[in-house]
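So this one's upload-v2.cif, mmCIF, C-alpha atoms and all ligand atoms:
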```cif
data_entry
loop_
_atom_site.label_atom_id
_atom_site.label_comp_id
_atom_site.auth_asym_id
_atom_site.auth_seq_id
_atom_site.Cartn_x
_atom_site.Cartn_y
_atom_site.Cartn_z
CA MET A 1 11.72 13.82 -50.22
CA ALA A 2 10.90 12.23 -46.91
CA VAL A 3 10.49 8.48 -46.92
CA ALA A 4 6.79 7.69 -46.47
CA GLU A 5 6.14 6.67 -42.90
CA LYS A 6 5.21 2.98 -42.61
CA GLU A 7 1.48 2.77 -42.11
CA LYS A 8 0.77 1.91 -38.49
CA ARG A 9 -1.64 -0.99 -38.17
CA VAL A 10 -4.16 -0.68 -35.39
CA PHE A 11 -5.84 -3.63 -33.71
CA ARG A 12 -8.79 -4.14 -31.40
CA ILE A 13 -8.86 -7.01 -28.90
CA GLU A 14 -12.17 -8.34 -27.67
CA ILE A 15 -12.25 -10.52 -24.57
CA ASP A 16 -15.51 -12.15 -23.48
CA PRO A 17 -15.41 -12.21 -19.67
CA ARG A 18 -18.21 -14.80 -19.56
CA LEU A 19 -16.05 -17.29 -21.46
CA CYS A 20 -12.57 -16.44 -20.19
CA LYS A 21 -11.26 -18.75 -17.43
CA ALA A 22 -8.02 -16.82 -16.86
CA CYS A 23 -5.88 -19.84 -17.78
CA VAL A 24 -2.99 -17.50 -18.71
CA ILE A 25 -2.29 -19.20 -22.08
CA CYS A 26 -2.92 -15.97 -24.04
CA VAL A 27 -0.69 -13.97 -21.69
CA ASP A 28 2.14 -16.52 -21.95
CA PHE A 29 2.04 -16.93 -25.72
CA CYS A 30 1.70 -13.25 -26.69
CA PRO A 31 5.09 -12.38 -28.24
CA THR A 32 4.78 -8.67 -27.47
CA ASP A 33 3.40 -8.78 -23.92
CA VAL A 34 0.05 -7.15 -24.68
CA LEU A 35 -2.09 -9.10 -22.21
CA THR A 36 -2.38 -9.62 -18.49
CA ILE A 37 -4.79 -11.21 -16.02
CA ASP A 38 -7.04 -8.80 -14.16
CA GLY A 39 -9.03 -10.58 -11.47
CA ALA A 40 -10.85 -13.52 -13.05
CA THR A 41 -10.32 -12.63 -16.71
CA ALA A 42 -7.65 -11.75 -19.25
CA ALA A 43 -7.23 -8.05 -19.99
CA VAL A 44 -5.35 -5.80 -22.39
CA LYS A 45 -2.51 -3.87 -20.78
CA ASN A 46 -0.61 -2.56 -23.82
CA LEU A 47 -2.70 -2.52 -26.99
CA ALA A 48 -0.14 -0.43 -28.88
CA ALA A 49 2.28 -3.36 -28.81
CA CYS A 50 -0.19 -5.74 -30.55
CA ASN A 51 1.10 -6.96 -33.92
CA GLY A 52 -2.10 -8.79 -34.88
CA CYS A 53 -0.51 -12.25 -34.90
CA GLN A 54 -3.66 -13.79 -33.32
CA LEU A 55 -1.67 -16.33 -31.32
CA CYS A 56 -3.84 -15.46 -28.31
CA ASP A 57 -7.02 -16.27 -30.26
CA ASN A 58 -5.70 -19.46 -31.84
CA ARG A 59 -4.47 -20.87 -28.53
CA CYS A 60 -7.38 -19.73 -26.36
CA PRO A 61 -9.14 -22.95 -25.31
CA ASP A 62 -12.29 -21.04 -24.36
CA PHE A 63 -13.32 -19.10 -27.51
CA ALA A 64 -12.91 -15.99 -25.35
CA ILE A 65 -10.51 -13.70 -27.23
CA GLN A 66 -10.49 -12.22 -30.73
CA VAL A 67 -8.23 -9.72 -32.48
CA PHE A 68 -9.61 -7.44 -35.21
CA GLU A 69 -7.73 -5.01 -37.40
CA GLU A 70 -9.22 -1.51 -37.29
CA MET B 1 -1.73 4.79 -63.26
CA SER B 2 -1.47 1.43 -61.54
CA THR B 3 -1.89 -1.84 -63.40
CA PRO B 4 -4.73 -4.22 -62.45
CA ALA B 5 -2.19 -6.53 -60.79
CA GLU B 6 -0.92 -3.67 -58.63
CA GLU B 7 -4.46 -2.74 -57.71
CA VAL B 8 -5.24 -6.29 -56.60
CA LYS B 9 -2.07 -6.26 -54.49
CA ALA B 10 -3.01 -2.94 -52.93
CA ILE B 11 -6.50 -4.21 -52.05
CA ALA B 12 -5.06 -7.39 -50.55
CA LYS B 13 -2.69 -5.28 -48.45
CA LYS B 14 -5.52 -3.15 -47.12
CA LYS B 15 -7.67 -6.14 -46.23
CA LYS B 16 -8.41 -6.03 -42.54
CA LYS B 17 -7.46 -8.93 -40.37
CA VAL B 18 -10.57 -10.62 -39.04
CA PRO B 19 -10.52 -13.57 -36.67
CA PHE B 20 -12.02 -16.90 -37.68
CA ASP B 21 -15.73 -16.95 -36.85
CA TYR B 22 -16.52 -20.10 -34.90
CA SER B 23 -20.09 -19.10 -34.08
CA PRO B 24 -21.81 -20.94 -36.99
CA TYR B 25 -20.32 -24.18 -35.66
CA ILE B 26 -21.12 -23.71 -31.98
CA ARG B 27 -24.52 -24.47 -30.48
CA GLY B 28 -26.04 -21.28 -29.14
CA GLY B 29 -25.88 -20.90 -25.39
CA LYS B 30 -23.67 -23.94 -24.81
CA LEU B 31 -20.52 -22.01 -23.93
CA PRO B 32 -18.63 -21.75 -21.64
CA HIS B 33 -17.68 -25.41 -21.92
CA ILE B 34 -16.98 -27.59 -18.90
CA TRP B 35 -13.25 -27.97 -19.56
CA CYS B 36 -10.87 -26.66 -16.91
CA PRO B 37 -8.79 -23.49 -17.35
CA GLY B 38 -5.94 -24.27 -19.77
CA CYS B 39 -7.32 -27.66 -20.89
CA GLY B 40 -6.06 -28.45 -24.39
CA HIS B 41 -9.39 -29.90 -25.55
CA GLY B 42 -10.66 -26.41 -26.47
CA ILE B 43 -7.62 -25.67 -28.65
CA VAL B 44 -8.03 -29.00 -30.46
CA LEU B 45 -11.73 -28.32 -31.01
CA LYS B 46 -10.90 -24.99 -32.65
CA SER B 47 -8.43 -26.62 -35.07
CA LEU B 48 -11.08 -29.22 -35.84
CA LEU B 49 -13.71 -26.58 -36.61
CA ARG B 50 -11.34 -24.66 -38.91
CA ALA B 51 -10.59 -27.94 -40.71
CA VAL B 52 -14.32 -28.64 -41.19
CA HIS B 53 -14.72 -25.10 -42.52
CA ALA B 54 -11.77 -25.53 -44.92
CA SER B 55 -13.20 -28.81 -46.20
CA GLY B 56 -16.42 -27.07 -47.21
CA LEU B 57 -18.47 -29.85 -45.62
CA ASN B 58 -22.08 -28.97 -44.93
CA GLN B 59 -22.75 -29.10 -41.18
CA ASP B 60 -25.80 -31.29 -41.73
CA ASP B 61 -23.63 -33.84 -43.51
CA VAL B 62 -21.27 -34.19 -40.56
CA ALA B 63 -21.94 -36.53 -37.65
CA MET B 64 -19.78 -36.35 -34.56
CA VAL B 65 -19.77 -39.41 -32.31
CA SER B 66 -18.00 -39.68 -28.96
CA GLY B 67 -17.67 -42.02 -26.00
CA ILE B 68 -17.27 -40.79 -22.41
CA GLY B 69 -14.64 -38.53 -20.89
CA CYS B 70 -13.83 -34.82 -20.92
CA SER B 71 -12.81 -35.07 -24.59
CA SER B 72 -16.03 -36.89 -25.38
CA ARG B 73 -18.06 -33.89 -24.21
CA THR B 74 -17.06 -32.18 -27.48
CA PRO B 75 -20.21 -33.09 -29.47
CA GLY B 76 -22.35 -31.24 -26.95
CA TYR B 77 -20.93 -27.92 -28.08
CA VAL B 78 -20.94 -28.23 -31.85
CA ASP B 79 -23.75 -27.76 -34.32
CA PHE B 80 -23.42 -31.00 -36.28
CA ASN B 81 -25.43 -34.22 -35.98
CA THR B 82 -24.08 -35.44 -32.67
CA LEU B 83 -24.08 -38.58 -30.59
CA HIS B 84 -22.58 -38.91 -27.08
CA THR B 85 -22.48 -42.63 -26.43
CA LEU B 86 -21.07 -45.13 -23.91
CA HIS B 87 -17.54 -45.29 -22.53
CA GLY B 88 -15.31 -46.95 -25.14
CA ARG B 89 -18.15 -47.59 -27.55
CA ALA B 90 -17.99 -44.53 -29.82
CA LEU B 91 -16.63 -46.64 -32.68
CA THR B 92 -19.39 -49.21 -32.53
CA PHE B 93 -22.04 -46.48 -32.73
CA ALA B 94 -20.07 -44.71 -35.46
CA THR B 95 -19.78 -47.92 -37.46
CA GLY B 96 -23.53 -48.50 -37.31
CA LEU B 97 -24.24 -44.89 -38.20
CA LYS B 98 -21.93 -44.89 -41.22
CA LEU B 99 -23.34 -48.18 -42.50
CA ALA B 100 -26.90 -46.93 -42.08
CA ASN B 101 -26.21 -43.55 -43.66
CA PRO B 102 -23.06 -43.56 -45.79
CA ARG B 103 -23.76 -39.99 -46.92
CA LEU B 104 -22.64 -38.73 -43.50
CA LYS B 105 -19.06 -37.73 -42.81
CA VAL B 106 -18.53 -39.44 -39.47
CA LEU B 107 -16.02 -37.98 -37.01
CA VAL B 108 -15.23 -39.87 -33.84
CA ILE B 109 -13.97 -37.91 -30.84
CA THR B 110 -12.42 -40.03 -28.14
CA GLY B 111 -9.86 -39.82 -25.31
CA ASP B 112 -6.78 -41.99 -24.78
CA GLY B 113 -8.65 -43.90 -22.06
CA ASP B 114 -11.85 -44.15 -24.05
CA ALA B 115 -10.13 -45.25 -27.28
CA LEU B 116 -7.31 -47.45 -26.04
CA ALA B 117 -8.36 -48.83 -22.63
CA ILE B 118 -12.06 -49.72 -22.41
CA GLY B 119 -12.46 -49.16 -26.15
CA GLY B 120 -9.21 -50.85 -27.23
CA ASN B 121 -10.90 -53.84 -28.80
CA HIS B 122 -13.27 -51.68 -30.82
CA PHE B 123 -10.37 -49.47 -31.85
CA ILE B 124 -8.28 -52.25 -33.40
CA HIS B 125 -11.26 -53.74 -35.18
CA ALA B 126 -12.37 -50.39 -36.59
CA CYS B 127 -8.85 -49.96 -37.99
CA ARG B 128 -8.94 -53.48 -39.40
CA ARG B 129 -12.15 -52.91 -41.37
CA ASN B 130 -11.10 -49.65 -42.99
CA LEU B 131 -14.58 -48.15 -42.87
CA ASP B 132 -14.51 -44.46 -43.84
CA LEU B 133 -14.34 -42.94 -40.33
CA THR B 134 -12.15 -40.11 -39.00
CA ILE B 135 -11.01 -40.97 -35.49
CA LEU B 136 -9.51 -38.16 -33.41
CA VAL B 137 -7.87 -39.32 -30.17
CA TYR B 138 -7.49 -36.42 -27.72
CA ASN B 139 -4.46 -37.86 -25.95
CA ASN B 140 -3.77 -36.15 -22.63
CA ASN B 141 -1.98 -39.17 -21.10
CA ILE B 142 -4.56 -39.58 -18.35
CA TYR B 143 -8.21 -40.17 -17.49
CA GLY B 144 -9.24 -36.55 -17.04
CA MET B 145 -12.92 -36.81 -16.21
CA THR B 146 -12.55 -39.37 -13.44
CA SER B 147 -9.69 -37.43 -11.81
CA GLY B 148 -6.42 -38.60 -13.23
CA GLN B 149 -6.08 -42.38 -13.22
CA SER B 150 -3.39 -43.94 -15.46
CA SER B 151 -4.41 -44.53 -19.05
CA PRO B 152 -2.67 -46.69 -21.67
CA THR B 153 -0.64 -43.64 -22.73
CA THR B 154 0.56 -42.48 -19.29
CA PRO B 155 4.35 -42.48 -19.71
CA GLN B 156 6.32 -44.79 -17.44
CA GLY B 157 7.43 -43.01 -14.30
CA LYS B 158 4.74 -40.34 -14.48
CA ILE B 159 2.39 -39.79 -11.56
CA SER B 160 -1.34 -40.52 -11.66
CA THR B 161 -4.09 -41.21 -9.13
CA THR B 162 -3.57 -44.94 -9.63
CA GLY B 163 0.21 -44.66 -9.85
CA ARG B 164 1.24 -42.45 -6.96
CA HIS B 165 4.88 -43.50 -7.22
CA GLY B 166 5.12 -43.41 -10.98
CA SER B 167 3.36 -45.53 -13.57
CA VAL B 168 5.06 -48.86 -14.22
CA ASP B 169 3.04 -50.00 -17.23
CA PRO B 170 4.53 -49.81 -20.72
CA VAL B 171 2.56 -47.48 -23.00
CA PHE B 172 0.63 -47.89 -26.22
CA ASP B 173 1.76 -45.75 -29.15
CA THR B 174 -1.63 -44.85 -30.67
CA CYS B 175 -0.16 -44.44 -34.14
CA LYS B 176 1.77 -47.70 -34.22
CA LEU B 177 -1.23 -49.54 -32.86
CA ALA B 178 -3.55 -48.01 -35.48
CA GLN B 179 -1.17 -48.76 -38.33
CA ALA B 180 -0.57 -52.34 -37.21
CA ALA B 181 -4.33 -52.89 -36.92
CA GLY B 182 -4.86 -51.69 -40.49
CA ALA B 183 -5.84 -48.00 -40.45
CA THR B 184 -4.99 -46.51 -43.83
CA PHE B 185 -4.28 -42.95 -42.62
CA VAL B 186 -2.33 -42.45 -39.41
CA ALA B 187 -1.07 -39.11 -38.16
CA ARG B 188 -0.05 -37.23 -35.05
CA GLY B 189 -0.66 -33.60 -34.21
CA THR B 190 -0.57 -31.52 -31.05
CA ALA B 191 -2.57 -28.76 -29.37
CA TYR B 192 0.58 -26.62 -29.42
CA HIS B 193 1.02 -26.84 -33.23
CA PHE B 194 -2.53 -25.67 -33.87
CA GLN B 195 -2.06 -24.77 -37.56
CA GLU B 196 -0.34 -28.02 -38.39
CA LEU B 197 -3.10 -29.86 -36.53
CA GLU B 198 -5.77 -28.15 -38.64
CA LYS B 199 -4.04 -29.34 -41.82
CA ILE B 200 -3.64 -32.89 -40.50
CA ILE B 201 -7.31 -33.10 -39.53
CA PHE B 202 -8.26 -31.72 -42.94
CA ASP B 203 -6.18 -34.45 -44.65
CA ALA B 204 -7.74 -37.06 -42.37
CA PHE B 205 -11.23 -35.90 -43.49
CA MET B 206 -10.22 -36.15 -47.12
CA HIS B 207 -8.90 -39.68 -46.78
CA LYS B 208 -11.22 -42.50 -47.80
CA GLY B 209 -10.90 -45.25 -45.22
CA THR B 210 -10.21 -45.29 -41.50
CA SER B 211 -8.08 -42.34 -40.47
CA VAL B 212 -6.64 -42.01 -36.99
CA VAL B 213 -5.11 -38.82 -35.61
CA ASP B 214 -3.34 -39.05 -32.26
CA ILE B 215 -3.53 -35.54 -30.82
CA LEU B 216 -1.13 -34.73 -28.00
CA ASP B 217 -3.14 -32.66 -25.62
CA ALA B 218 -2.73 -31.38 -22.06
CA CYS B 219 -4.74 -31.93 -18.88
CA PRO B 220 -3.26 -29.33 -16.53
CA THR B 221 -5.68 -30.20 -13.74
CA TYR B 222 -4.59 -33.79 -13.19
CA TYR B 223 -1.58 -34.79 -15.29
CA GLY B 224 -0.07 -31.32 -15.01
CA ARG B 225 -0.49 -30.86 -11.29
CA PHE B 226 0.59 -34.40 -10.36
CA ASN B 227 3.68 -34.15 -12.54
CA LYS B 228 4.71 -30.68 -11.43
CA TYR B 229 4.34 -28.72 -14.63
CA ALA B 230 4.32 -25.03 -13.72
CA SER B 231 1.33 -24.14 -15.93
CA ALA B 232 -0.75 -25.18 -18.92
CA THR B 233 1.72 -23.30 -21.13
CA ASP B 234 4.67 -25.10 -19.58
CA MET B 235 2.97 -28.45 -20.23
CA MET B 236 2.21 -27.66 -23.84
CA GLU B 237 5.78 -26.55 -24.43
CA GLN B 238 7.43 -29.53 -22.74
CA ILE B 239 5.16 -32.32 -23.96
CA GLU B 240 4.16 -31.08 -27.36
CA LYS B 241 6.90 -28.70 -28.52
CA ASP B 242 10.00 -30.28 -26.95
CA GLY B 243 8.66 -33.84 -26.89
CA THR B 244 7.92 -34.07 -30.61
CA VAL B 245 9.57 -33.48 -33.98
CA SER B 246 7.89 -33.20 -37.35
CA VAL B 247 8.42 -35.95 -39.89
CA LYS B 248 10.37 -33.45 -42.00
CA GLN B 249 12.67 -32.35 -39.17
CA ALA B 250 13.23 -35.99 -38.22
CA GLU B 251 14.89 -36.72 -41.58
CA LYS B 252 17.81 -34.51 -40.54
CA LEU B 253 18.23 -35.94 -37.05
CA SER B 254 20.30 -38.87 -35.76
CA PRO B 255 18.72 -41.84 -33.98
CA GLU B 256 20.15 -40.48 -30.69
CA GLU B 257 18.51 -37.11 -31.24
CA LEU B 258 15.23 -38.81 -32.05
CA GLN B 259 15.23 -40.90 -28.90
CA ASP B 260 12.35 -39.99 -26.57
CA LYS B 261 10.71 -37.88 -29.30
CA LEU B 262 7.36 -38.58 -30.88
CA LEU B 263 6.92 -37.93 -34.59
CA ARG B 264 4.37 -35.39 -35.78
CA GLY B 265 2.69 -35.28 -39.17
CA ILE B 266 1.30 -37.95 -41.47
CA LEU B 267 3.03 -41.17 -40.44
CA HIS B 268 1.27 -43.68 -42.65
CA LYS B 269 -0.97 -43.53 -45.70
CA ALA B 270 -2.06 -46.55 -47.69
CA GLU B 271 -4.62 -47.49 -50.30
CA ARG B 272 -6.83 -50.41 -49.37
CA PRO B 273 -10.45 -51.19 -50.30
CA GLU B 274 -12.85 -49.22 -48.13
CA TYR B 275 -15.26 -51.35 -46.10
CA LEU B 276 -18.58 -49.97 -47.38
CA GLU B 277 -17.51 -50.34 -50.99
CA GLU B 278 -16.54 -53.97 -50.40
CA TYR B 279 -19.76 -54.58 -48.52
CA ASN B 280 -21.86 -53.09 -51.33
CA LYS B 281 -19.98 -55.15 -53.90
CA LEU B 282 -20.85 -58.28 -51.98
CA VAL B 283 -24.52 -57.28 -51.70
CA THR B 284 -24.70 -56.55 -55.44
CA SER B 285 -23.01 -59.81 -56.35
CA LEU B 286 -25.44 -61.77 -54.16
CA GLN B 287 -28.44 -59.94 -55.59
CA THR B 288 -27.43 -60.61 -59.20
CA LYS B 289 -26.56 -64.24 -58.54
CA LYS B 290 -28.80 -66.62 -60.45
C1 LIG C 1 -18.46 -48.42 -18.48
C2 LIG C 1 -17.85 -47.26 -17.79
N1 LIG C 1 -16.74 -47.43 -17.04
C3 LIG C 1 -16.15 -46.37 -16.46
C4 LIG C 1 -16.68 -45.12 -16.57
C5 LIG C 1 -16.02 -43.96 -15.86
N2 LIG C 1 -15.28 -43.07 -16.76
C6 LIG C 1 -15.84 -41.93 -17.24
S1 LIG C 1 -14.76 -41.03 -18.16
C7 LIG C 1 -13.53 -42.16 -17.92
C8 LIG C 1 -12.15 -41.94 -18.46
C9 LIG C 1 -12.04 -41.03 -19.62
O1 LIG C 1 -10.71 -40.80 -19.94
P1 LIG C 1 -10.24 -40.38 -21.37
O2 LIG C 1 -10.94 -41.18 -22.39
O3 LIG C 1 -8.75 -40.42 -21.40
O4 LIG C 1 -10.79 -38.89 -21.55
P2 LIG C 1 -10.43 -37.51 -20.85
O5 LIG C 1 -11.43 -37.36 -19.74
O6 LIG C 1 -9.02 -37.55 -20.37
O7 LIG C 1 -10.63 -36.50 -21.93
C10 LIG C 1 -13.97 -43.23 -17.12
C11 LIG C 1 -13.13 -44.35 -16.69
C12 LIG C 1 -17.83 -44.97 -17.37
N3 LIG C 1 -18.39 -43.75 -17.56
N4 LIG C 1 -18.40 -46.04 -17.97
S1 LIG C 2 -9.88 -32.72 -16.02
FE1 LIG C 2 -8.22 -32.44 -17.50
S2 LIG C 2 -9.03 -33.19 -19.42
FE2 LIG C 2 -10.76 -32.83 -18.07
S3 LIG C 2 -11.40 -30.72 -18.51
FE3 LIG C 2 -10.01 -30.62 -16.79
S4 LIG C 2 -8.03 -30.23 -17.75
FE4 LIG C 2 -9.37 -30.97 -19.35
#
```

Mind turning the file's structure into structure tokens?
Amino acid sequence: MAVAEKEKRVFRIEIDPRLCKACVICVDFCPTDVLTIDGATAAVKNLAACNGCQLCDNRCPDFAIQVFEE
Amino acid sequence: MSTPAEEVKAIAKKKKKVPFDYSPYIRGGKLPHIWCPGCGHGIVLKSLLRAVHASGLNQDDVAMVSGIGCSSRTPGYVDFNTLHTLHGRALTFATGLKLANPRLKVLVITGDGDALAIGGNHFIHACRRNLDLTILVYNNNIYGMTSGQSSPTTPQGKISTTGRHGSVDPVFDTCKLAQAAGATFVARGTAYHFQELEKIIFDAFMHKGTSVVDILDACPTYYGRFNKYASATDMMEQIEKDGTVSVKQAEKLSPEELQDKLLRGILHKAERPEYLEEYNKLVTSLQTKK
């Protein structure tokens, strides 16, 4: 019998462009390189790599980013 | 068929991850805040709000008092009873407020300049009295708001607006000063160790008596730029991660390894009569005196 495939967890990242100041903290602290800076705000470049650790949210000084599990 | 215990486990496993909701604690329409990109004050504020949430305190029972400075802008953003006072005088207002309304949980938000320079006298005397106040010093080693002058915690040799060739003045250690002056709960946390900071602030709330938390923070705009840190992240890692060790880690390290490191965690906790209780005892004894 095939070993059951590990359930893939899916996350959603919300960034509020009105609050984000593009300080780069979220980009630097993300352990799986999910985020980038696009113009004047942070942006998601590789959502599939997100492991839901929420380090970006916890270290965002601007209340601008949140990670939800789908 | 699965047992009830297995079912509970399965439900817990399925529980979706949701971020902490700060919105009940933030005044509508007040964000974005004025702090610069990468300023640590926002990270500290978030740990503080999670600690208030964990404590179960009712927002109407909390009063937040501050002096002047970037850190002292904090009360403007939060939905508690708030008071933004004069430079260095947060503790005098907080003392009056607590004495007038002891039901309130009074939090004092102050900067290293506000607390230890202009407010230094008030700081030591607040610690001496042991009134039930929680004092959070956002310590970014500089005067942020007035563009980077030296503060009493600017390390020797570091550059500031008033020390272009490196600060010469010896520094105050907020924690040692607070303990020597009589504070009964003294701790240090950092903006980098955000979870640890939340727990420390929670413990400070729970303590009856004056609690002081020195919070290592980062001002990338002035301290960071003058002292050639590459970014806000670089500052946080060098000052807060590499520059500190937890009280627990420190037990395993030699005095040489501990040199130049600041300790994190609860550094001092003592039982001493709380000021209001002593004051009330005196009032009662005078009232019942024949
Ligand atoms: C009586 C008085 N003197 C000086 C000032 C100018 N002033 C405003 S903020 C500040 C320094 C604040 O530094 P700190 O407490 O370290 O807070 P930060 O801005 O770094 O968060 C000074 C000197 C003032 N507002 N009032
Ligand atoms: S000047 Fe410094 S302390 Fe003030 S908001 Fe900017 S980064 Fe923060």

Can you tell me how far CA of Glu69 (chain A) sits from CA of Arg18 (chain A), in Å to one decimal?
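Taking CA of Glu69 (chain A) and CA of Arg18 (chain A), their separation equals 22.9 Å.
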
Skipping near chain neighbours, those fewer than 3 positions away, what residues fall within 12 Å of Val44 (chain A) using all atoms listed in the file, listed as a PyMOL selection string?
chain A and resi 11-15+26-27+30+32-38+41+47-50+56+65-67

For chain B, which residues have at least one atom within 12 Å of chain A, if we go by all atoms listed in the file? Write them as a PDB file with C-alpha atoms, in the frame of the given file, please.
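iface-v3.pdb written:
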```pdb
ATOM      1  CA  LYS B  13      -2.690  -5.280 -48.450  1.00  0.00           C
ATOM      2  CA  LYS B  14      -5.520  -3.150 -47.120  1.00  0.00           C
ATOM      3  CA  LYS B  15      -7.670  -6.140 -46.230  1.00  0.00           C
ATOM      4  CA  LYS B  16      -8.410  -6.030 -42.540  1.00  0.00           C
ATOM      5  CA  LYS B  17      -7.460  -8.930 -40.370  1.00  0.00           C
ATOM      6  CA  VAL B  18     -10.570 -10.620 -39.040  1.00  0.00           C
ATOM      7  CA  PRO B  19     -10.520 -13.570 -36.670  1.00  0.00           C
ATOM      8  CA  PHE B  20     -12.020 -16.900 -37.680  1.00  0.00           C
ATOM      9  CA  ASP B  21     -15.730 -16.950 -36.850  1.00  0.00           C
ATOM     10  CA  TYR B  22     -16.520 -20.100 -34.900  1.00  0.00           C
ATOM     11  CA  SER B  23     -20.090 -19.100 -34.080  1.00  0.00           C
ATOM     12  CA  TYR B  25     -20.320 -24.180 -35.660  1.00  0.00           C
ATOM     13  CA  ILE B  26     -21.120 -23.710 -31.980  1.00  0.00           C
ATOM     14  CA  GLY B  29     -25.880 -20.900 -25.390  1.00  0.00           C
ATOM     15  CA  LYS B  30     -23.670 -23.940 -24.810  1.00  0.00           C
ATOM     16  CA  LEU B  31     -20.520 -22.010 -23.930  1.00  0.00           C
ATOM     17  CA  PRO B  32     -18.630 -21.750 -21.640  1.00  0.00           C
ATOM     18  CA  HIS B  33     -17.680 -25.410 -21.920  1.00  0.00           C
ATOM     19  CA  ILE B  34     -16.980 -27.590 -18.900  1.00  0.00           C
ATOM     20  CA  TRP B  35     -13.250 -27.970 -19.560  1.00  0.00           C
ATOM     21  CA  CYS B  36     -10.870 -26.660 -16.910  1.00  0.00           C
ATOM     22  CA  PRO B  37      -8.790 -23.490 -17.350  1.00  0.00           C
ATOM     23  CA  GLY B  38      -5.940 -24.270 -19.770  1.00  0.00           C
ATOM     24  CA  CYS B  39      -7.320 -27.660 -20.890  1.00  0.00           C
ATOM     25  CA  GLY B  40      -6.060 -28.450 -24.390  1.00  0.00           C
ATOM     26  CA  HIS B  41      -9.390 -29.900 -25.550  1.00  0.00           C
ATOM     27  CA  GLY B  42     -10.660 -26.410 -26.470  1.00  0.00           C
ATOM     28  CA  ILE B  43      -7.620 -25.670 -28.650  1.00  0.00           C
ATOM     29  CA  VAL B  44      -8.030 -29.000 -30.460  1.00  0.00           C
ATOM     30  CA  LEU B  45     -11.730 -28.320 -31.010  1.00  0.00           C
ATOM     31  CA  LYS B  46     -10.900 -24.990 -32.650  1.00  0.00           C
ATOM     32  CA  SER B  47      -8.430 -26.620 -35.070  1.00  0.00           C
ATOM     33  CA  LEU B  48     -11.080 -29.220 -35.840  1.00  0.00           C
ATOM     34  CA  LEU B  49     -13.710 -26.580 -36.610  1.00  0.00           C
ATOM     35  CA  ARG B  50     -11.340 -24.660 -38.910  1.00  0.00           C
ATOM     36  CA  TYR B  77     -20.930 -27.920 -28.080  1.00  0.00           C
ATOM     37  CA  THR B 190      -0.570 -31.520 -31.050  1.00  0.00           C
ATOM     38  CA  ALA B 191      -2.570 -28.760 -29.370  1.00  0.00           C
ATOM     39  CA  TYR B 192       0.580 -26.620 -29.420  1.00  0.00           C
ATOM     40  CA  HIS B 193       1.020 -26.840 -33.230  1.00  0.00           C
ATOM     41  CA  PHE B 194      -2.530 -25.670 -33.870  1.00  0.00           C
ATOM     42  CA  GLN B 195      -2.060 -24.770 -37.560  1.00  0.00           C
ATOM     43  CA  LEU B 197      -3.100 -29.860 -36.530  1.00  0.00           C
ATOM     44  CA  GLU B 198      -5.770 -28.150 -38.640  1.00  0.00           C
ATOM     45  CA  ASP B 217      -3.140 -32.660 -25.620  1.00  0.00           C
ATOM     46  CA  ALA B 218      -2.730 -31.380 -22.060  1.00  0.00           C
ATOM     47  CA  CYS B 219      -4.740 -31.930 -18.880  1.00  0.00           C
ATOM     48  CA  PRO B 220      -3.260 -29.330 -16.530  1.00  0.00           C
ATOM     49  CA  THR B 221      -5.680 -30.200 -13.740  1.00  0.00           C
ATOM     50  CA  ALA B 230       4.320 -25.030 -13.720  1.00  0.00           C
ATOM     51  CA  SER B 231       1.330 -24.140 -15.930  1.00  0.00           C
ATOM     52  CA  ALA B 232      -0.750 -25.180 -18.920  1.00  0.00           C
ATOM     53  CA  THR B 233       1.720 -23.300 -21.130  1.00  0.00           C
ATOM     54  CA  ASP B 234       4.670 -25.100 -19.580  1.00  0.00           C
ATOM     55  CA  MET B 235       2.970 -28.450 -20.230  1.00  0.00           C
ATOM     56  CA  MET B 236       2.210 -27.660 -23.840  1.00  0.00           C
ATOM     57  CA  GLU B 237       5.780 -26.550 -24.430  1.00  0.00           C
TER      58      GLU B 237
END
```

Between CA of Phe172 (chain B) and atom C7 of ligand LIG 1 (chain C) lies a distance of 17.4 Å

Place a sphere of radius 10 Å on (-1.1, -39.7, -39.8) in the file coordinates and name every protein, DNA or RNA residue with an atom inside or on its surface, counting all atoms listed in the file; give the answer as an mmCIF file with C-alpha atoms, in the coordinates of the input.
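So out_7.cif came out as:
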```cif
data_model
loop_
_atom_site.group_PDB
_atom_site.id
_atom_site.type_symbol
_atom_site.label_atom_id
_atom_site.label_comp_id
_atom_site.auth_asym_id
_atom_site.auth_seq_id
_atom_site.Cartn_x
_atom_site.Cartn_y
_atom_site.Cartn_z
ATOM 1 C CA CYS B 175 -0.160 -44.440 -34.140
ATOM 2 C CA ALA B 178 -3.550 -48.010 -35.480
ATOM 3 C CA GLN B 179 -1.170 -48.760 -38.330
ATOM 4 C CA ALA B 183 -5.840 -48.000 -40.450
ATOM 5 C CA THR B 184 -4.990 -46.510 -43.830
ATOM 6 C CA PHE B 185 -4.280 -42.950 -42.620
ATOM 7 C CA VAL B 186 -2.330 -42.450 -39.410
ATOM 8 C CA ALA B 187 -1.070 -39.110 -38.160
ATOM 9 C CA ARG B 188 -0.050 -37.230 -35.050
ATOM 10 C CA GLY B 189 -0.660 -33.600 -34.210
ATOM 11 C CA ILE B 200 -3.640 -32.890 -40.500
ATOM 12 C CA ILE B 201 -7.310 -33.100 -39.530
ATOM 13 C CA ASP B 203 -6.180 -34.450 -44.650
ATOM 14 C CA ALA B 204 -7.740 -37.060 -42.370
ATOM 15 C CA SER B 211 -8.080 -42.340 -40.470
ATOM 16 C CA VAL B 212 -6.640 -42.010 -36.990
ATOM 17 C CA VAL B 213 -5.110 -38.820 -35.610
ATOM 18 C CA ASP B 214 -3.340 -39.050 -32.260
ATOM 19 C CA LEU B 263 6.920 -37.930 -34.590
ATOM 20 C CA ARG B 264 4.370 -35.390 -35.780
ATOM 21 C CA GLY B 265 2.690 -35.280 -39.170
ATOM 22 C CA ILE B 266 1.300 -37.950 -41.470
ATOM 23 C CA LEU B 267 3.030 -41.170 -40.440
ATOM 24 C CA HIS B 268 1.270 -43.680 -42.650
ATOM 25 C CA LYS B 269 -0.970 -43.530 -45.700
#
```
